$ cat work22.cif   # mmCIF, C-alpha atoms
data_data
#
loop_
_atom_site.group_PDB
_atom_site.id
_atom_site.type_symbol
_atom_site.label_atom_id
_atom_site.label_comp_id
_atom_site.auth_asym_id
_atom_site.auth_seq_id
_atom_site.Cartn_x
_atom_site.Cartn_y
_atom_site.Cartn_z
ATOM 1 C CA MET A 1461 55.831 0.177 21.471
ATOM 2 C CA LYS A 1462 56.335 -3.291 20.057
ATOM 3 C CA ASP A 1463 55.572 -6.328 22.172
ATOM 4 C CA LYS A 1464 58.689 -7.878 23.652
ATOM 5 C CA PHE A 1465 59.331 -11.407 24.776
ATOM 6 C CA PRO A 1466 61.489 -10.927 27.883
ATOM 7 C CA ILE A 1467 64.068 -13.446 29.039
ATOM 8 C CA PRO A 1468 64.774 -12.273 32.587
ATOM 9 C CA LEU A 1469 68.116 -13.257 34.046
ATOM 10 C CA SER A 1470 68.932 -14.005 37.645
ATOM 11 C CA TYR A 1471 71.479 -11.202 37.932
ATOM 12 C CA PRO A 1472 72.307 -8.048 35.960
ATOM 13 C CA TYR A 1473 74.490 -8.463 32.886
ATOM 14 C CA LYS A 1474 76.439 -5.326 33.760
ATOM 15 C CA GLU A 1475 76.075 -2.371 36.102
ATOM 16 C CA GLY A 1476 72.768 -0.656 35.426
ATOM 17 C CA ASP A 1477 71.413 -3.479 33.254
ATOM 18 C CA ALA A 1478 67.808 -4.448 33.866
ATOM 19 C CA GLY A 1479 68.884 -8.088 33.948
ATOM 20 C CA GLU A 1480 66.937 -9.271 30.936
ATOM 21 C CA ILE A 1481 67.383 -10.056 27.317
ATOM 22 C CA CYS A 1482 64.359 -9.113 25.233
ATOM 23 C CA MET A 1483 63.272 -10.073 21.775
ATOM 24 C CA ASP A 1484 60.648 -8.413 19.582
ATOM 25 C CA ALA A 1485 57.567 -10.659 19.533
ATOM 26 C CA GLN A 1486 57.191 -10.407 15.731
ATOM 27 C CA MET A 1487 60.850 -11.266 15.191
ATOM 28 C CA LEU A 1488 60.450 -14.276 17.505
ATOM 29 C CA ALA A 1489 57.384 -15.412 15.535
ATOM 30 C CA ASP A 1490 59.254 -15.024 12.217
ATOM 31 C CA MET A 1491 62.248 -16.947 13.540
ATOM 32 C CA LEU A 1492 60.102 -19.796 14.866
ATOM 33 C CA LEU A 1493 58.189 -19.986 11.581
ATOM 34 C CA GLN A 1494 61.432 -20.363 9.635
ATOM 35 C CA LEU A 1495 62.796 -22.967 12.027
ATOM 36 C CA ARG A 1496 59.528 -24.912 12.034
ATOM 37 C CA SER A 1497 59.319 -25.349 8.269
ATOM 38 C CA GLY A 1498 59.318 -29.083 7.654
ATOM 39 C CA GLU A 1499 58.862 -29.838 11.363
ATOM 40 C CA GLU A 1500 55.622 -31.724 10.674
ATOM 41 C CA GLN A 1501 57.669 -34.503 9.053
ATOM 42 C CA ASP A 1502 58.797 -37.318 11.335
ATOM 43 C CA ASN A 1503 62.514 -37.297 12.044
ATOM 44 C CA CYS A 1504 63.124 -34.040 10.172
ATOM 45 C CA PRO A 1505 66.747 -32.873 10.332
ATOM 46 C CA GLU A 1506 67.875 -30.456 13.003
ATOM 47 C CA LYS A 1507 68.113 -26.779 11.992
ATOM 48 C CA ALA A 1508 69.485 -23.738 13.772
ATOM 49 C CA CYS A 1509 69.666 -19.979 13.773
ATOM 50 C CA ILE A 1510 72.133 -17.656 15.421
ATOM 51 C CA LEU A 1511 71.039 -14.707 17.546
ATOM 52 C CA GLY A 1512 72.486 -11.213 17.673
ATOM 53 C CA SER A 1513 72.030 -8.661 20.452
ATOM 54 C CA ASN A 1514 72.586 -4.935 20.751
ATOM 55 C CA ALA A 1515 74.481 -3.276 23.613
ATOM 56 C CA ALA A 1516 71.338 -3.282 25.765
ATOM 57 C CA GLY A 1517 71.104 -7.073 25.491
ATOM 58 C CA GLU A 1518 68.015 -7.068 23.276
ATOM 59 C CA ILE A 1519 67.964 -9.788 20.621
ATOM 60 C CA VAL A 1520 67.582 -7.742 17.442
ATOM 61 C CA ARG A 1521 68.848 -10.094 14.726
ATOM 62 C CA PHE A 1522 68.632 -13.747 13.799
ATOM 63 C CA HIS A 1523 69.973 -15.734 10.879
ATOM 64 C CA VAL A 1524 68.823 -19.243 9.967
ATOM 65 C CA ASP A 1525 71.764 -21.426 8.951
ATOM 66 C CA THR A 1526 70.384 -22.786 5.688
ATOM 67 C CA GLU A 1527 73.825 -24.121 4.740
ATOM 68 C CA GLY A 1528 74.309 -26.102 7.965
ATOM 69 C CA ILE A 1529 74.034 -29.872 7.833
ATOM 70 C CA GLY A 1530 71.252 -31.308 9.953
ATOM 71 C CA GLY A 1531 70.765 -34.939 10.800
ATOM 72 C CA ARG A 1532 68.126 -36.718 12.869
ATOM 73 C CA THR A 1533 70.132 -36.133 16.056
ATOM 74 C CA SER A 1534 72.788 -33.636 15.065
ATOM 75 C CA TYR A 1535 73.500 -30.281 13.507
ATOM 76 C CA LEU A 1536 76.797 -29.206 11.960
ATOM 77 C CA PRO A 1537 76.906 -25.427 11.441
ATOM 78 C CA ASN A 1538 78.222 -23.677 8.358
ATOM 79 C CA THR A 1539 80.872 -21.980 10.478
ATOM 80 C CA ALA A 1540 82.399 -19.829 7.743
ATOM 81 C CA GLY A 1541 79.012 -18.519 6.636
ATOM 82 C CA LEU A 1542 77.873 -17.787 10.187
ATOM 83 C CA GLU A 1543 81.142 -16.011 11.021
ATOM 84 C CA GLN A 1544 80.602 -13.813 7.970
ATOM 85 C CA VAL A 1545 77.072 -12.945 9.147
ATOM 86 C CA ILE A 1546 78.355 -12.138 12.663
ATOM 87 C CA ARG A 1547 81.088 -9.857 11.245
ATOM 88 C CA MET A 1548 78.534 -8.061 9.083
ATOM 89 C CA TRP A 1549 76.191 -7.587 12.073
ATOM 90 C CA LYS A 1550 79.025 -6.077 14.094
ATOM 91 C CA ILE A 1551 80.088 -3.633 11.364
ATOM 92 C CA GLU A 1552 76.686 -2.613 10.007
ATOM 93 C CA TYR A 1553 74.468 -2.767 13.087
ATOM 94 C CA ALA A 1554 76.730 -2.817 16.189
ATOM 95 C CA VAL A 1555 75.181 -6.209 16.972
ATOM 96 C CA ALA A 1556 77.118 -9.036 18.619
ATOM 97 C CA PHE A 1557 76.658 -12.804 18.580
ATOM 98 C CA ALA A 1558 74.412 -13.785 21.503
ATOM 99 C CA GLY A 1559 73.645 -17.479 21.055
ATOM 100 C CA LEU A 1560 71.541 -19.832 19.014
ATOM 101 C CA ILE A 1561 68.311 -21.726 18.847
ATOM 102 C CA HIS A 1562 68.099 -25.140 17.214
ATOM 103 C CA THR A 1563 65.454 -27.747 16.627
ATOM 104 C CA HIS A 1564 65.137 -31.197 18.090
ATOM 105 C CA PRO A 1565 63.083 -33.494 15.863
ATOM 106 C CA HIS A 1566 61.459 -35.375 18.734
ATOM 107 C CA LYS A 1567 58.611 -33.880 20.736
ATOM 108 C CA ASN A 1568 59.321 -33.401 24.453
ATOM 109 C CA ALA A 1569 63.064 -33.112 23.744
ATOM 110 C CA LEU A 1570 63.336 -29.612 25.217
ATOM 111 C CA ALA A 1571 66.429 -30.235 27.326
ATOM 112 C CA LEU A 1572 69.914 -29.455 26.072
ATOM 113 C CA SER A 1573 71.681 -32.696 25.227
ATOM 114 C CA PRO A 1574 75.223 -33.478 26.423
ATOM 115 C CA LYS A 1575 76.454 -32.557 22.905
ATOM 116 C CA ASP A 1576 74.511 -29.276 23.110
ATOM 117 C CA LEU A 1577 76.206 -28.487 26.422
ATOM 118 C CA LEU A 1578 79.664 -29.234 24.971
ATOM 119 C CA PHE A 1579 78.854 -27.012 21.975
ATOM 120 C CA THR A 1580 77.743 -24.232 24.343
ATOM 121 C CA LYS A 1581 81.026 -24.471 26.264
ATOM 122 C CA ALA A 1582 82.951 -24.357 22.978
ATOM 123 C CA LEU A 1583 81.068 -21.248 21.848
ATOM 124 C CA LEU A 1584 81.906 -19.508 25.124
ATOM 125 C CA ALA A 1585 85.569 -20.498 24.755
ATOM 126 C CA LEU A 1586 85.709 -19.269 21.145
ATOM 127 C CA ASN A 1587 84.054 -15.947 22.011
ATOM 128 C CA PRO A 1588 86.019 -14.510 24.971
ATOM 129 C CA GLY A 1589 84.058 -11.232 24.900
ATOM 130 C CA LEU A 1590 80.756 -13.039 25.323
ATOM 131 C CA GLN A 1591 79.602 -12.668 28.932
ATOM 132 C CA ARG A 1592 76.546 -14.873 28.558
ATOM 133 C CA ILE A 1593 75.026 -17.043 25.875
ATOM 134 C CA VAL A 1594 71.405 -17.771 25.070
ATOM 135 C CA MET A 1595 70.709 -21.305 23.893
ATOM 136 C CA GLY A 1596 67.321 -22.511 22.778
ATOM 137 C CA ILE A 1597 65.608 -25.715 21.742
ATOM 138 C CA LEU A 1598 62.507 -25.825 19.560
ATOM 139 C CA ALA A 1599 60.714 -29.178 19.699
ATOM 140 C CA GLY A 1600 57.112 -30.174 19.185
ATOM 141 C CA GLY A 1601 55.956 -26.570 18.862
ATOM 142 C CA GLU A 1602 57.506 -25.504 22.163
ATOM 143 C CA LEU A 1603 60.536 -23.312 22.749
ATOM 144 C CA ALA A 1604 62.858 -23.786 25.723
ATOM 145 C CA LEU A 1605 65.398 -21.032 26.366
ATOM 146 C CA TYR A 1606 68.508 -21.311 28.508
ATOM 147 C CA CYS A 1607 71.164 -18.766 29.372
ATOM 148 C CA PHE A 1608 74.655 -19.511 30.662
ATOM 149 C CA ASP A 1609 77.329 -17.192 32.013
ATOM 150 C CA ARG A 1610 81.087 -17.395 31.353
ATOM 151 C CA ASP A 1611 81.568 -19.835 34.222
ATOM 152 C CA PHE A 1612 79.010 -22.068 32.497
ATOM 153 C CA LEU A 1613 76.485 -21.626 35.259
ATOM 154 C CA ARG A 1614 72.938 -21.890 34.012
ATOM 155 C CA ILE A 1615 71.482 -18.569 34.987
ATOM 156 C CA TYR A 1616 68.117 -18.973 33.382
ATOM 157 C CA ASP A 1617 65.820 -21.454 31.736
ATOM 158 C CA ARG A 1618 62.334 -20.955 30.470
ATOM 159 C CA ASN A 1619 59.913 -22.966 28.402
ATOM 160 C CA LYS A 1620 57.549 -21.042 26.166
ATOM 161 C CA GLU A 1621 54.851 -22.468 23.980
ATOM 162 C CA GLY A 1622 55.473 -21.282 20.447
#

$ encode --input "work22.cif" --output "structure tokens"
Amino acid sequence: MKDKFPIPLSYPYKEGDAGEICMDAQMLADMLLQLRSGEEQDNCPEKACILGSNAAGEIVRFHVDTEGIGGRTSYLPNTAGLEQVIRMWKIEYAVAFAGLIHTHPHKNALALSPKDLLFTKALLALNPGLQRIVMGILAGGELALYCFDRDFLRIYDRNKEG
């Protein structure tokens, strides 16, 4: 059995759900490695990846948005490209969009910014079938994960050293 990185939630996602989202430890390591490339530079641009989960809530896919535009304090996704990836996941793997992780160029910037929170609300509004969304920040070698429900209540946050 592969190691899993569990993200326990404060209440079950649906009847019979164990109340956690899990991610394969090797996949997490690969994702963080891709997001960290260039991180050693001061003021490197923000980058992001989207997450995909199966019906059990396990994060089983990620895609780094190499076409997104990152600035020192902002990230503009390649929406058309990401929508294409999400459609492909759904058709080929029965995997649904589950959230995203993005970098903050400044160490100790593990909190979601006001713009991040607005973006999270927009993602929930644009994805009416999404019951919860995982949002993550990678900064200074540390990963902070947050999960919000449809009512935009933070149901989980966790910091994990990467």

$ residues_around --input "work22.cif" --residues "A:Ala1571" --least-positions-apart "4" --cutoff "12 Å" --atoms "all atoms listed in the file" --output "list in words"
His1562, Thr1563, His1564, His1566, Lys1567, Lys1575, Asp1576, Leu1577, Met1595, Gly1596, Ile1597, Leu1598, Ala1599, Glu1602, Leu1603, Ala1604, Leu1605, Tyr1606, Asp1617, Arg1618 and Asn1619 of chain A

$ residues_near_point --input "work22.cif" --point "(82.8, -14.7, 28.4)" --cutoff "12 Å" --atoms "all atoms listed in the file" --output "PyMOL selection string"
chain A and resi 1473+1557-1558+1580-1593+1608-1613

$ closest_residue --input "work22.cif" --among "A:Gly1512, A:Gly1600, A:Gly1531, A:Pro1505" --to "A:Arg1547" --atoms "all atoms listed in the file"
A:Gly1512

$ resolve_selection --input "work22.cif" --expression "the PyMOL selection byres ((chain A and resi 1537) around 8)" --output "PyMOL selection string"
chain A and resi 1508+1525+1527-1529+1535-1536+1538-1539+1542

$ axis_aligned_box --input "work22.cif" --around "stretch 1507-1525 of chain A" --padding-each-side "4 Å" --output "lines of an AutoDock Vina configuration file"
center_x = 71.0
center_y = -15.0
center_z = 17.4
size_x = 14.9
size_y = 31.5
size_z = 24.8

$ atom_distance --input "work22.cif" --atom1 "atom CA of A:Ile1561" --atom2 "atom CA of A:Ala1515"
20.0 Å

$ atom_distance --input "work22.cif" --atom1 "atom CA of A:Gly1601" --atom2 "atom CA of A:Ser1573"
18.0 Å

$ atom_distance --input "work22.cif" --atom1 "atom CA of A:Cys1482" --atom2 "atom CA of A:Pro1574"
26.7 Å

$ residues_around --input "work22.cif" --residues "stretch 1520-1522 of chain A" --least-positions-apart "3" --cutoff "6 Å" --atoms "only C-alpha atoms" --output "list in words"
Ile1510, Leu1511, Gly1512 and Ser1513 of chain A

$ build_atoms --input "work22.cif" --residues "stretch 1586-1609 of chain A" --atoms "N, CA and C atoms" --output "compact mmCIF listing (two decimals), keeping the file's coordinate frame"
# COMPACT_ATOMS: atom_id res chain seq x y z
N LEU A 1586 85.32 -19.90 22.40
CA LEU A 1586 85.71 -19.27 21.14
C LEU A 1586 85.35 -17.79 21.08
N ASN A 1587 84.52 -17.34 21.99
CA ASN A 1587 84.05 -15.95 22.01
C ASN A 1587 84.35 -15.33 23.37
N PRO A 1588 85.63 -14.97 23.64
CA PRO A 1588 86.02 -14.51 24.97
C PRO A 1588 85.30 -13.24 25.43
N GLY A 1589 84.78 -12.44 24.51
CA GLY A 1589 84.06 -11.23 24.90
C GLY A 1589 82.62 -11.49 25.28
N LEU A 1590 82.14 -12.68 25.04
CA LEU A 1590 80.76 -13.04 25.32
C LEU A 1590 80.61 -13.31 26.82
N GLN A 1591 79.79 -12.52 27.49
CA GLN A 1591 79.60 -12.67 28.93
C GLN A 1591 78.52 -13.67 29.29
N ARG A 1592 77.61 -13.88 28.37
CA ARG A 1592 76.55 -14.87 28.56
C ARG A 1592 76.09 -15.32 27.18
N ILE A 1593 75.49 -16.49 27.14
CA ILE A 1593 75.03 -17.04 25.88
C ILE A 1593 73.61 -17.58 26.05
N VAL A 1594 72.77 -17.27 25.09
CA VAL A 1594 71.40 -17.77 25.07
C VAL A 1594 71.39 -19.00 24.17
N MET A 1595 70.85 -20.08 24.68
CA MET A 1595 70.71 -21.30 23.89
C MET A 1595 69.24 -21.71 23.94
N GLY A 1596 68.73 -22.13 22.82
CA GLY A 1596 67.32 -22.51 22.78
C GLY A 1596 67.11 -23.80 22.03
N ILE A 1597 66.03 -24.49 22.40
CA ILE A 1597 65.61 -25.72 21.74
C ILE A 1597 64.16 -25.53 21.32
N LEU A 1598 63.87 -25.83 20.07
CA LEU A 1598 62.51 -25.82 19.56
C LEU A 1598 62.14 -27.26 19.24
N ALA A 1599 61.13 -27.79 19.91
CA ALA A 1599 60.71 -29.18 19.70
C ALA A 1599 59.21 -29.29 19.93
N GLY A 1600 58.54 -29.94 19.01
CA GLY A 1600 57.11 -30.17 19.18
C GLY A 1600 56.29 -28.91 19.38
N GLY A 1601 56.70 -27.82 18.75
CA GLY A 1601 55.96 -26.57 18.86
C GLY A 1601 56.25 -25.76 20.11
N GLU A 1602 57.15 -26.24 20.95
CA GLU A 1602 57.51 -25.50 22.16
C GLU A 1602 58.95 -25.03 22.09
N LEU A 1603 59.20 -23.89 22.71
CA LEU A 1603 60.54 -23.31 22.75
C LEU A 1603 61.03 -23.30 24.19
N ALA A 1604 62.20 -23.86 24.41
CA ALA A 1604 62.86 -23.79 25.72
C ALA A 1604 64.10 -22.92 25.56
N LEU A 1605 64.25 -21.93 26.42
CA LEU A 1605 65.40 -21.03 26.37
C LEU A 1605 66.24 -21.20 27.62
N TYR A 1606 67.55 -21.18 27.42
CA TYR A 1606 68.51 -21.31 28.51
C TYR A 1606 69.54 -20.21 28.34
N CYS A 1607 70.11 -19.76 29.44
CA CYS A 1607 71.16 -18.77 29.37
C CYS A 1607 72.27 -19.20 30.33
N PHE A 1608 73.50 -19.12 29.86
CA PHE A 1608 74.66 -19.51 30.66
C PHE A 1608 75.62 -18.34 30.75
N ASP A 1609 76.30 -18.23 31.89
CA ASP A 1609 77.33 -17.19 32.01
C ASP A 1609 78.69 -17.77 31.64
